[in-house]
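What follows is a single structure, written as structure tokens, with notes after it.
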Amino acid sequence: MTESTLETSGRDGLDEQAGGQRNSAAPPRSSRGHRFTSYDVEAFEVPGGREEDWRFTPMKRLRGLHDGSASATGSLRVEVDGSSAAKVETVGRDDERLGTGGAPADRVAAQSWNSFTEATVVTIPKETRAADPVTVTVHGPGRDSTAYGHLQVRAEPMSEATVVLDYRGSGVIGDNVEMIAEESARLSVITIHDFEGDATQVSSEHAHLGKDAVFRHFAVTLGGDLVRVNTKVTFADRGGDAEILGVYFTDGGQHQEHRLLMDHAQPNCRSNVTYKGALQGDSARSVWIGDVLIQAAAEGTDTFELNRNLVLTEGARADSVPNLEIETGEIAGAGHASAIGRFDDEQLFYLQARGIPYDQARRLVVRGFFGEILQKITIDEVRERLEAAIDEELAAVGV
């Protein structure tokens, strides 16, 4: 059992505790799940790298996103294509819808909130089913340039849609993404981080689920020099269902970090998290942190999280840290698992014994490793693109 105080935030940058006191700096956190949030950059101390939330991140490679020195010198180019059922808007910072999906929980997210000039809002109207996917392509500001962005995807009650968020290009990017599934909505979001080799991105994703909402999120991380993604899923009403899937392929010199928080605050909600990653090359580094919080009111919760990592070459390193906090005993089930390993020699022997050459056998093993997740991507061109990208990664080192 964990006893703690949950902070709530207002858009004016002042933070309010349950007791009504105002705070200008983050209080000590007694729970991994109860995150301090604020729209005020100065409410967060500049991280030095020893803090729990930052100890795996190479701070020098953040290019100033964490300490305020990375001022905007460019802009993101956003293109939206796909279903005519979606309403697409470019709005200013004063749009009252912005921020309803979740508030910044670290200094970079707060800096990104205060630095963007306009936001893209994609809305699926009430009781509308978008037959075709909506693709939002975000192009980085270019080499040695910095830009901040904000995107909101909102599925109104009883609507259904799939949205592909495709990051490309180069530069330094800080952004917040809100994914809101209102009552009985079905929203699927596929996020692809496929940057050029020089790119740095720190992204905060805020998913907010209404009553009986169904949310599916596929995270794919391939490119970039450093990509750090924080994903929080908040169950705002009973009956929510979230499946959070991810694949990442980390090359030599790359740092890819995924941090998740499943915040079960309402009864009878379900979450399932499965992330799989492969690493190859000297100094390839992946980090996966999975936090699940089951609050006292969240009776009937059913949750599980899984992370698997396949190390393909010497010099690569994966860190995997699952965390589970349970504040009520009245749950349907909860569990977690993680593993880091190399190729299964028995699988390779089995394939070679049937006449398959060694290099092809290794590729088949890796494809099979990712196959469980990739087959759940129902958009053929996206799935085929990712399969081709994985094959290209393997061919690069003769795997």
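How things are named: the first chain in the structure tokens is A, the next is B, and so on; residues count from 1 in each chain; ligands count from 1 in the order shown.
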
Can you pull out the residues contacting Gly49 in chain A? Cut-off 12 Å, using only C-alpha atoms, and skip same-chain residues under 3 positions away; I want them as a PyMOL selection string. chain A and resi 45-46+52-62+66-67

Which residues of range 126-209 of chain A have any atom within 6 Å of an atom in range 224-246 of chain A when counting only C-alpha atoms, and what is the closest pair of atoms for each, with the distance in Å to one decimal? Order the rows by chain and rising number and write it as a tab-separated table.
residue	atom	partner	partner_atom	distance
A:Phe195	CA	A:Gly224	CA	4.8
A:Glu196	CA	A:Gly224	CA	5.4
A:Gly197	CA	A:Gly224	CA	4.6
A:Asp198	CA	A:Asp225	CA	5.3
A:Ala199	CA	A:Gly224	CA	4.6
A:Thr200	CA	A:Leu226	CA	4.8
A:Gln201	CA	A:Val227	CA	4.8
A:Val202	CA	A:Arg228	CA	4.8
A:Ser203	CA	A:Val229	CA	4.8
A:Ser204	CA	A:Asn230	CA	4.7
A:Glu205	CA	A:Thr231	CA	4.6
A:His206	CA	A:Lys232	CA	5.2
A:Ala207	CA	A:Val233	CA	4.6
A:His208	CA	A:Thr234	CA	5.0
A:Leu209	CA	A:Phe235	CA	5.1

Write the residues of the selection above to a file with C-alpha atoms, as an mmCIF file, in the first residue's frame.
data_model
loop_
_atom_site.group_PDB
_atom_site.id
_atom_site.type_symbol
_atom_site.label_atom_id
_atom_site.label_comp_id
_atom_site.auth_asym_id
_atom_site.auth_seq_id
_atom_site.Cartn_x
_atom_site.Cartn_y
_atom_site.Cartn_z
ATOM 1 C CA PHE A 195 14.312 10.691 -38.165
ATOM 2 C CA GLU A 196 17.630 11.314 -39.843
ATOM 3 C CA GLY A 197 20.718 10.344 -37.864
ATOM 4 C CA ASP A 198 21.332 13.813 -36.381
ATOM 5 C CA ALA A 199 17.867 14.362 -34.904
ATOM 6 C CA THR A 200 17.067 14.819 -31.211
ATOM 7 C CA GLN A 201 13.485 14.521 -29.993
ATOM 8 C CA VAL A 202 11.915 14.652 -26.537
ATOM 9 C CA SER A 203 8.193 14.025 -26.822
ATOM 10 C CA SER A 204 5.459 13.782 -24.178
ATOM 11 C CA GLU A 205 2.303 11.890 -25.102
ATOM 12 C CA HIS A 206 -0.859 12.376 -23.059
ATOM 13 C CA ALA A 207 -3.654 9.852 -23.657
ATOM 14 C CA HIS A 208 -6.999 10.555 -21.969
ATOM 15 C CA LEU A 209 -9.746 7.890 -22.033
#

Quick one: contact table of range 30-103 of chain A to range 151-157 of chain A, 12 Å max, nearest atom pair and distance in Å to one decimal per residue, counting only C-alpha atoms, chain and number order, as a Markdown table?
| residue | atom | partner | partner_atom | distance |
| --- | --- | --- | --- | --- |
| A:Leu76 | CA | A:Leu151 | CA | 11.3 |
| A:Val78 | CA | A:Leu151 | CA | 9.7 |
| A:Glu79 | CA | A:Leu151 | CA | 11.9 |
| A:Val80 | CA | A:Leu151 | CA | 11.5 |
| A:Ala85 | CA | A:Ala155 | CA | 11.3 |
| A:Ala86 | CA | A:Ala155 | CA | 9.4 |
| A:Lys87 | CA | A:Arg154 | CA | 9.8 |
| A:Val88 | CA | A:Val153 | CA | 9.5 |
| A:Glu89 | CA | A:Gln152 | CA | 9.9 |
| A:Thr90 | CA | A:Leu151 | CA | 9.5 |
| A:Val91 | CA | A:Leu151 | CA | 10.1 |
| A:Gly92 | CA | A:Leu151 | CA | 11.6 |
| A:Arg93 | CA | A:Leu151 | CA | 11.4 |
| A:Asp95 | CA | A:Gln152 | CA | 11.3 |
| A:Glu96 | CA | A:Gln152 | CA | 11.9 |
| A:Arg97 | CA | A:Gln152 | CA | 8.7 |
| A:Leu98 | CA | A:Gln152 | CA | 7.3 |
| A:Gly99 | CA | A:Gln152 | CA | 8.8 |
| A:Thr100 | CA | A:Gln152 | CA | 9.4 |
| A:Gly101 | CA | A:Gln152 | CA | 8.1 |
| A:Gly102 | CA | A:Gln152 | CA | 10.6 |

Writer output for current selection, C-alpha atoms, as a PDB file, in the first residue's frame:
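Saved result, selection_15.pdb, follows:
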ATOM      1  CA  LEU A  76       7.952  22.119 -37.764  1.00  0.00           C
ATOM      2  CA  VAL A  78       2.966  19.561 -40.564  1.00  0.00           C
ATOM      3  CA  GLU A  79       1.073  17.851 -43.391  1.00  0.00           C
ATOM      4  CA  VAL A  80      -2.275  16.096 -42.882  1.00  0.00           C
ATOM      5  CA  ALA A  85     -14.273  12.456 -42.079  1.00  0.00           C
ATOM      6  CA  ALA A  86     -11.664  14.178 -39.910  1.00  0.00           C
ATOM      7  CA  LYS A  87     -11.721  17.887 -39.139  1.00  0.00           C
ATOM      8  CA  VAL A  88      -8.233  19.400 -39.259  1.00  0.00           C
ATOM      9  CA  GLU A  89      -7.465  22.805 -37.726  1.00  0.00           C
ATOM     10  CA  THR A  90      -4.416  24.957 -37.085  1.00  0.00           C
ATOM     11  CA  VAL A  91      -5.075  26.892 -33.890  1.00  0.00           C
ATOM     12  CA  GLY A  92      -3.310  29.387 -31.653  1.00  0.00           C
ATOM     13  CA  ARG A  93      -2.091  28.891 -28.132  1.00  0.00           C
ATOM     14  CA  ASP A  95      -7.529  27.533 -27.993  1.00  0.00           C
ATOM     15  CA  GLU A  96      -9.350  26.253 -24.889  1.00  0.00           C
ATOM     16  CA  ARG A  97      -9.168  22.631 -26.025  1.00  0.00           C
ATOM     17  CA  LEU A  98      -5.398  22.512 -25.719  1.00  0.00           C
ATOM     18  CA  GLY A  99      -4.151  20.967 -22.501  1.00  0.00           C
ATOM     19  CA  THR A 100      -7.319  18.988 -21.762  1.00  0.00           C
ATOM     20  CA  GLY A 101      -5.542  15.732 -22.573  1.00  0.00           C
ATOM     21  CA  GLY A 102      -2.866  16.171 -19.929  1.00  0.00           C
TER      22      GLY A 102
END

From a backbone DSSP assignment, name each residue in range 238-360 of chain A labelled strand (DSSP E), as a ChimeraX atom specification. /A:241-250,255-264,270-279,285-294,302-311,317-326,333-341

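Closest to Phe215 in chain A among A:Ser84, A:Gln256, A:Ser271, A:Thr128 is A:Ser271, based on only C-alpha atoms.
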
Set the distance at 6 Å and use only C-alpha atoms: which residues neighbour Glu183 in chain A once local chain neighbours fewer than 4 positions away are removed? I'd like the list as an MDAnalysis selection string. chainID A and resid 157 210:213

Write the residues you've just listed into a file as a PDB file, in the first residue's frame, and include C-alpha atoms for each of them.
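The file below, out04.pdb, is the result:
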ATOM      1  CA  PRO A 157     -18.185  10.160 -28.425  1.00  0.00           C
ATOM      2  CA  GLY A 210     -13.419   8.528 -21.354  1.00  0.00           C
ATOM      3  CA  LYS A 211     -16.088   6.038 -20.288  1.00  0.00           C
ATOM      4  CA  ASP A 212     -15.904   2.741 -22.219  1.00  0.00           C
ATOM      5  CA  ALA A 213     -13.350   4.213 -24.633  1.00  0.00           C
TER       6      ALA A 213
END

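Nearest-residue note for Ser170 in chain A: choosing from A:Val273, A:Ala147, A:Ala395, A:Ala119, the minimum distance belongs to A:Ala147, counting only C-alpha atoms.
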
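In this comparison, which uses only C-alpha atoms, the residue of A:Arg270, A:His264, A:Lys126, A:Arg285 approaching Ala297 in chain A most closely is A:His264.
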
Using only C-alpha atoms, which of the listed residues (A:Lys376, A:Arg308, A:Arg107, A:Arg317) sits closest to Gly253 in chain A? A:Arg317
